[in-house]
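> So here's my_file.cif (mmCIF, C-alpha atoms).
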```cif
data_input
loop_
_atom_site.label_atom_id
_atom_site.label_comp_id
_atom_site.auth_asym_id
_atom_site.auth_seq_id
_atom_site.Cartn_x
_atom_site.Cartn_y
_atom_site.Cartn_z
CA MET M 1 -15.60 -10.05 0.97
CA SER M 2 -12.15 -8.95 -0.18
CA ARG M 3 -9.42 -7.96 2.28
CA TYR M 4 -7.88 -4.50 2.21
CA ILE M 5 -4.15 -4.67 1.53
CA LYS M 6 -2.29 -1.49 2.42
CA LEU M 7 0.00 0.09 -0.15
CA GLY M 8 3.24 1.88 0.62
CA VAL M 9 4.64 3.79 -2.36
CA ASN M 10 8.40 4.27 -2.56
CA ILE M 11 9.34 7.63 -4.11
CA ASP M 12 13.13 7.15 -4.12
CA HIS M 13 13.33 7.13 -7.90
CA VAL M 14 11.63 10.50 -8.15
CA ALA M 15 14.51 11.84 -6.05
CA THR M 16 16.93 10.06 -8.41
CA LEU M 17 15.40 12.01 -11.32
CA ARG M 18 15.67 15.27 -9.41
CA ASN M 19 19.28 14.65 -8.47
CA ALA M 20 20.25 13.78 -12.05
CA ARG M 21 19.59 17.37 -13.12
CA GLY M 22 20.06 19.19 -9.85
CA GLY M 23 17.68 21.76 -8.47
CA LYS M 24 14.31 20.98 -6.88
CA ASP M 25 12.23 19.43 -9.67
CA PRO M 26 10.36 17.12 -9.48
CA LEU M 27 9.20 18.40 -6.09
CA LEU M 28 9.05 15.43 -3.71
CA LEU M 29 6.33 17.00 -1.58
CA GLN M 30 4.11 17.46 -4.62
CA VAL M 31 4.75 13.85 -5.60
CA ALA M 32 4.07 12.50 -2.11
CA LEU M 33 0.80 14.42 -1.79
CA ALA M 34 -0.33 13.23 -5.22
CA VAL M 35 0.41 9.64 -4.21
CA GLU M 36 -1.60 10.09 -1.01
CA ASP M 37 -4.49 11.64 -2.93
CA ALA M 38 -4.52 8.56 -5.14
CA GLY M 39 -5.03 6.33 -2.11
CA ALA M 40 -1.58 5.22 -0.89
CA ASP M 41 -1.40 4.34 2.80
CA SER M 42 2.19 5.43 3.39
CA ILE M 43 5.22 6.96 1.70
CA THR M 44 8.34 4.82 1.73
CA MET M 45 11.76 6.47 1.49
CA HIS M 46 15.17 4.82 1.69
CA LEU M 47 17.86 7.07 3.16
CA ARG M 48 21.04 5.48 1.84
CA GLU M 49 24.43 6.14 3.37
CA ASP M 50 25.63 7.72 0.10
CA ARG M 51 22.44 9.83 -0.24
CA ARG M 52 22.13 8.81 -3.88
CA HIS M 53 18.44 9.73 -3.99
CA ILE M 54 16.62 10.65 -0.76
CA ARG M 55 18.40 13.22 1.40
CA ASP M 56 18.01 14.06 5.07
CA GLU M 57 16.28 17.37 4.28
CA ASP M 58 13.70 15.52 2.15
CA LEU M 59 12.55 13.52 5.15
CA PHE M 60 12.18 16.48 7.47
CA MET M 61 10.55 18.61 4.78
CA LEU M 62 7.89 16.01 3.92
CA SER M 63 7.07 14.70 7.37
CA PRO M 64 4.94 17.61 8.68
CA HIS M 65 2.84 17.75 5.50
CA LEU M 66 1.87 14.10 5.02
CA ARG M 67 -1.60 12.92 5.93
CA THR M 68 -0.43 9.30 6.04
CA SER M 69 3.06 8.47 7.32
CA ILE M 70 6.68 7.87 6.37
CA ASN M 71 8.04 4.35 6.27
CA LEU M 72 11.77 5.02 6.60
CA GLU M 73 14.13 2.43 5.14
CA ILE M 74 17.63 2.55 6.62
CA SER M 75 20.69 0.40 7.15
CA ALA M 76 21.65 -0.74 10.64
CA SER M 77 24.16 1.99 11.49
CA ASN M 78 24.49 4.50 14.32
CA GLU M 79 24.13 7.38 11.85
CA MET M 80 20.80 6.09 10.55
CA VAL M 81 19.46 5.27 14.00
CA ASN M 82 20.16 8.88 15.00
CA VAL M 83 18.25 10.16 11.95
CA ALA M 84 15.29 7.91 12.78
CA GLY M 85 15.31 9.16 16.37
CA LYS M 86 15.08 12.77 15.22
CA LEU M 87 12.47 12.16 12.50
CA LYS M 88 10.27 9.81 14.54
CA PRO M 89 8.50 8.19 11.58
CA LYS M 90 5.66 5.78 12.18
CA SER M 91 7.83 2.87 11.07
CA VAL M 92 11.42 2.06 10.26
CA CYS M 93 12.47 -0.83 8.04
CA LEU M 94 16.03 -2.07 8.45
CA VAL M 95 17.52 -3.21 5.15
CA PRO M 96 20.94 -4.47 4.04
CA GLU M 97 22.99 -2.01 2.04
CA ARG M 98 26.07 -2.14 -0.16
CA ARG M 99 27.34 1.03 -1.84
CA GLU M 100 28.04 -0.67 -5.17
CA GLU M 101 24.55 -2.17 -5.56
CA ILE M 102 22.00 -0.57 -7.87
CA THR M 103 19.11 -1.59 -5.65
CA THR M 104 18.73 -3.74 -2.53
CA GLU M 105 19.87 -7.21 -3.56
CA GLY M 106 18.59 -9.43 -0.79
CA GLY M 107 17.22 -9.69 2.71
CA LEU M 108 18.88 -8.69 5.94
CA ASP M 109 20.77 -11.53 7.62
CA VAL M 110 19.11 -11.26 11.01
CA HIS M 111 19.99 -14.81 12.02
CA ASN M 112 23.73 -14.14 12.10
CA LYS M 113 23.47 -10.61 13.53
CA ILE M 114 21.02 -11.00 16.38
CA HIS M 115 23.03 -9.23 19.07
CA LYS M 116 24.23 -6.44 16.78
CA LEU M 117 20.71 -5.72 15.50
CA MET M 118 19.26 -5.79 19.01
CA SER M 119 21.51 -2.85 19.89
CA PHE M 120 20.07 -0.86 16.98
CA LEU M 121 16.44 -1.74 17.67
CA GLY M 122 16.46 -0.55 21.27
CA PRO M 123 16.84 3.21 20.65
CA ILE M 124 14.33 3.10 17.79
CA LYS M 125 11.64 1.29 19.76
CA GLN M 126 12.13 3.65 22.71
CA LYS M 127 10.78 6.39 20.41
CA ASN M 128 7.58 4.33 19.86
CA ILE M 129 8.58 3.65 16.26
CA ARG M 130 7.44 0.35 14.79
CA VAL M 131 10.36 -1.73 13.51
CA SER M 132 10.28 -3.82 10.36
CA LEU M 133 13.01 -6.09 9.02
CA PHE M 134 13.45 -6.73 5.30
CA ILE M 135 14.25 -10.43 5.15
CA GLU M 136 14.25 -13.51 2.95
CA PRO M 137 11.24 -15.85 3.35
CA SER M 138 13.16 -18.18 5.66
CA GLU M 139 12.01 -19.60 8.99
CA LYS M 140 15.40 -19.04 10.63
CA GLN M 141 15.32 -15.37 9.61
CA ILE M 142 11.75 -15.04 10.86
CA ASP M 143 12.66 -16.68 14.18
CA ALA M 144 15.55 -14.24 14.55
CA ALA M 145 13.26 -11.29 13.78
CA LYS M 146 10.95 -12.42 16.56
CA ILE M 147 13.84 -12.88 18.99
CA ILE M 148 15.19 -9.36 18.54
CA GLY M 149 11.77 -7.77 18.97
CA ALA M 150 10.69 -6.72 15.48
CA ASP M 151 7.06 -5.73 15.02
CA ILE M 152 6.94 -6.44 11.30
CA ILE M 153 8.76 -8.44 8.68
CA GLU M 154 8.86 -7.39 5.05
CA LEU M 155 9.39 -10.44 2.87
CA HIS M 156 11.81 -9.98 -0.01
CA THR M 157 9.82 -10.80 -3.16
CA GLY M 158 12.67 -10.23 -5.63
CA TYR M 159 13.28 -13.90 -6.46
CA PHE M 160 9.59 -14.59 -7.09
CA CYS M 161 9.20 -11.44 -9.20
CA ASP M 162 12.27 -12.24 -11.27
CA LEU M 163 10.95 -15.72 -12.10
CA TYR M 164 7.51 -14.33 -12.87
CA GLU M 165 8.81 -11.60 -15.19
CA ARG M 166 10.99 -14.16 -17.04
CA LYS M 167 7.97 -16.45 -17.38
CA ASP M 168 9.88 -19.17 -15.56
CA GLY M 169 7.41 -21.83 -14.48
CA ASN M 170 9.13 -22.11 -11.09
CA TYR M 171 7.56 -18.86 -9.96
CA MET M 172 4.68 -20.75 -8.36
CA GLU M 173 7.13 -22.65 -6.15
CA ALA M 174 8.67 -19.34 -5.13
CA LEU M 175 5.19 -18.06 -4.32
CA LYS M 176 4.59 -21.09 -2.09
CA VAL M 177 7.76 -20.24 -0.18
CA LEU M 178 6.39 -16.74 0.43
CA GLU M 179 3.04 -18.16 1.51
CA LYS M 180 4.66 -20.56 3.97
CA ALA M 181 6.86 -17.81 5.41
CA ALA M 182 3.92 -15.43 5.82
CA SER M 183 1.89 -18.05 7.65
CA TYR M 184 4.81 -18.93 9.92
CA ALA M 185 5.50 -15.28 10.79
CA TYR M 186 1.85 -14.55 11.46
CA LYS M 187 1.64 -17.44 13.92
CA LEU M 188 4.60 -15.93 15.78
CA GLY M 189 2.70 -12.67 16.13
CA LEU M 190 4.59 -10.70 13.47
CA GLU M 191 2.84 -8.41 11.01
CA VAL M 192 3.63 -9.41 7.43
CA HIS M 193 4.52 -7.05 4.58
CA ALA M 194 6.22 -7.72 1.26
CA GLY M 195 8.15 -5.83 -1.37
CA HIS M 196 10.88 -5.61 -4.01
CA GLY M 197 10.34 -5.94 -7.74
CA LEU M 198 6.55 -6.07 -7.51
CA THR M 199 4.52 -4.99 -10.53
CA THR M 200 0.77 -4.79 -11.06
CA ALA M 201 0.74 -8.39 -12.27
CA SER M 202 3.05 -9.98 -9.69
CA ALA M 203 1.51 -8.01 -6.81
CA GLY M 204 -1.79 -9.68 -7.62
CA PHE M 205 -0.36 -13.04 -6.53
CA VAL M 206 1.33 -11.78 -3.36
CA SER M 207 -1.69 -9.76 -2.26
CA LYS M 208 -3.73 -12.97 -2.11
CA ILE M 209 -1.55 -14.42 0.65
CA PRO M 210 -4.01 -14.48 3.59
CA GLU M 211 -1.57 -13.08 6.18
CA MET M 212 -0.32 -10.27 3.96
CA LYS M 213 -1.12 -6.81 5.33
CA GLU M 214 0.91 -4.40 3.19
CA LEU M 215 2.82 -4.23 -0.07
CA ASN M 216 5.58 -1.74 -0.77
CA ILE M 217 6.02 -0.81 -4.42
CA GLY M 218 8.19 1.87 -5.96
CA HIS M 219 9.91 1.44 -9.29
CA ALA M 220 6.93 -0.10 -11.09
CA ILE M 221 4.52 2.64 -9.99
CA ILE M 222 6.89 5.46 -10.86
CA SER M 223 7.58 3.82 -14.25
CA ASP M 224 3.87 3.39 -14.99
CA SER M 225 3.22 6.98 -13.99
CA ILE M 226 5.21 8.20 -17.00
CA PHE M 227 2.40 6.89 -19.18
CA MET M 228 -0.69 7.25 -17.02
CA GLY M 229 0.14 9.80 -14.30
CA LEU M 230 0.68 9.15 -10.60
CA ARG M 231 -3.01 8.78 -9.76
CA GLY M 232 -3.55 6.16 -12.45
CA ALA M 233 -0.39 4.26 -11.57
CA VAL M 234 -1.14 4.11 -7.82
CA GLN M 235 -4.77 3.11 -8.37
CA LEU M 236 -3.81 0.46 -10.94
#
```
Just give me the structure as structure tokens.


Amino acid sequence: MSRYIKLGVNIDHVATLRNARGGKDPLLLQVALAVEDAGADSITMHLREDRRHIRDEDLFMLSPHLRTSINLEISASNEMVNVAGKLKPKSVCLVPERREEITTEGGLDVHNKIHKLMSFLGPIKQKNIRVSLFIEPSEKQIDAAKIIGADIIELHTGYFCDLYERKDGNYMEALKVLEKAASYAYKLGLEVHAGHGLTTASAGFVSKIPEMKELNIGHAIISDSIFMGLRGAVQL
């Protein structure tokens, strides 16, 4: 009997398309509802400090209309914690952020920022929001996530996906690192998610990790939807 792996669909890049032209099209609400209709379990949105794609008003406009939930990705800053407190999404994922990066380039360094991150987690958890940390598949980062009280870890799959897409034979070793990390985190009582760079092909490997509960995919699904529509891309 196969396990059910939840799917969170990131719609940031739809907002990027909208912002490139200005105006309201494509309508994010229409996109989010179509993604839900196709079977997604949550809608992921990353509110960056520079608001390059998702904007504050997008979050508050979508939230009342979704049948699933928002997984809000934010940096660890007072501004973002305040937004999360007002929105009250089901879950918040803390991610590292640099203004000059095109996309998130690595995991959050929880190990060296334990006390700082604890101060950010407190107000979020007081709102009964589940907290996830986007981290590298490292035992020291997982230990730190447990120490500061995270509910979930999202393993950064970028390195594995890059090797897989380049047909580098070392991708299986990278997959083993993810498997080991997932097992370790699960034994500590953390829920395990994964994301970054996943495609239909590479997600097939990660979804087979026994402890894996959810995958978050954005760019690949939105790219595929150009050719097959949102329903086909999500269900693929």

> Let me make sure I understand: among M:Gly189, M:Pro64, M:Gly107, M:Pro96, which one has the smallest atom-to-atom distance to M:His46 if we use only C-alpha atoms?

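Smallest distance to M:His46 is found for M:Pro96.
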
> Please evaluate the PyMOL selection byres ((chain M and resi 163) around 12) against the structure above and give the resulting residues as number ranges by chain.

M: 157-162, 164-175, 197-198, 202

> For M:Gly8, which of M:Leu59, M:Ala40, M:Ile148, M:Leu66 is the closest residue, counting all atoms listed in the file?

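Under the stated criterion, the closest residue is M:Ala40.
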
> Which residue, M:Ala20, M:Ala181, M:Met61, M:Val9, has the smallest gap to M:Met45 when you use all atoms listed in the file?

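Checking each of M:Ala20, M:Ala181, M:Met61, M:Val9 against M:Met45, counting all atoms listed in the file, the winner is M:Val9.
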
> Would you kindly return, as number ranges by chain, each protein, DNA or RNA residue with an atom no farther than 8 Å from any atom of M:Ile70, considering all atoms listed in the file and excluding same-chain residues fewer than 5 positions away?

M: 42-45, 63, 89-91

> Distance cut-off 7 Å, centre (0.7, -14.5, -0.6) in file coordinates, counting only C-alpha atoms: which residues qualify? Return them as number ranges by chain.

M: 175, 178-179, 205-210, 212

> Figure out the distance between atom CA of M:Asp12 and atom CA of M:Arg130, please, to one decimal in Å.

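Computed distance, atom CA of M:Arg130 to atom CA of M:Asp12, equals 20.9 Å.
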
> Go through the shown structure with the PyMOL selection byres ((chain M and resi 92) around 8) and write out the matching residues as a tab-separated table (two decimals) with C-alpha atoms, keeping the file's coordinate frame.


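Saved file selection.tsv follows:
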```
chain	number	residue	atom	x	y	z
M	71	ASN	CA	8.04	4.35	6.27
M	72	LEU	CA	11.77	5.02	6.60
M	73	GLU	CA	14.13	2.43	5.14
M	74	ILE	CA	17.63	2.55	6.62
M	84	ALA	CA	15.29	7.91	12.78
M	89	PRO	CA	8.50	8.19	11.58
M	90	LYS	CA	5.66	5.78	12.18
M	91	SER	CA	7.83	2.87	11.07
M	93	CYS	CA	12.47	-0.83	8.04
M	94	LEU	CA	16.03	-2.07	8.45
M	129	ILE	CA	8.58	3.65	16.26
M	130	ARG	CA	7.44	0.35	14.79
M	131	VAL	CA	10.36	-1.73	13.51
M	132	SER	CA	10.28	-3.82	10.36
```

> Excluding same-chain residues fewer than 5 positions from M:Lys187, what lies within 12 Å of it counting all atoms listed in the file, as a PyMOL selection string?

chain M and resi 139+142-143+146+180-182+192+211

> Which residues would end up in the selection if the PyMOL selection byres ((chain M and resi 118) around 12) were applied here, given that I need the answer as a ChimeraX atom specification?

/M:76-77,94,110-117,119-125,131,133,144-150

> Take atom CA of M:Gly106 and atom CA of M:Leu29 and report the distance between them in Å, one decimal.

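Result for atom CA of M:Gly106 versus atom CA of M:Leu29: 29.1 Å, one decimal.
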
> Grab all the atoms of stretch 171-182 of chain M that the file lists, wrap them in a box along x, y and z, add 3 Å per side, and give me centre plus edge lengths in Å (one decimal) as AutoDock Vina command-line options.


```
--center_x 5.9 --center_y -19.0 --center_z -2.1 --size_x 11.6 --size_y 13.2 --size_z 21.8
```

> Need the shell around M:Val14: protein/DNA/RNA residues with any atom at most 9 Å away, counting all atoms listed in the file. Skip same-chain ones fewer than 2 positions apart. Format as an NGL selection string?

:M and (10-12 or 16-19 or 26-28 or 31 or 53-54 or 222)

> Which residue gives the smallest distance to M:Gly218 among M:Ala15, M:Ile153, M:Val95, M:Met80, with all atoms listed in the file counted?

M:Ala15

> Atom CA of M:Thr200 and atom CA of M:Leu236, how far apart in Å?

7.0 Å

> Choose the residue, out of M:Leu33, M:Leu87, M:Leu230, M:Ala38, that has the smallest atom-to-atom separation from M:Glu57; count all atoms listed in the file.

M:Leu87

> So, counting all atoms listed in the file, which residue among M:Tyr4, M:Phe134, M:Tyr186, M:Phe227 is closest to M:Asp41?

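So, comparing all the options, the nearest one is M:Tyr4.
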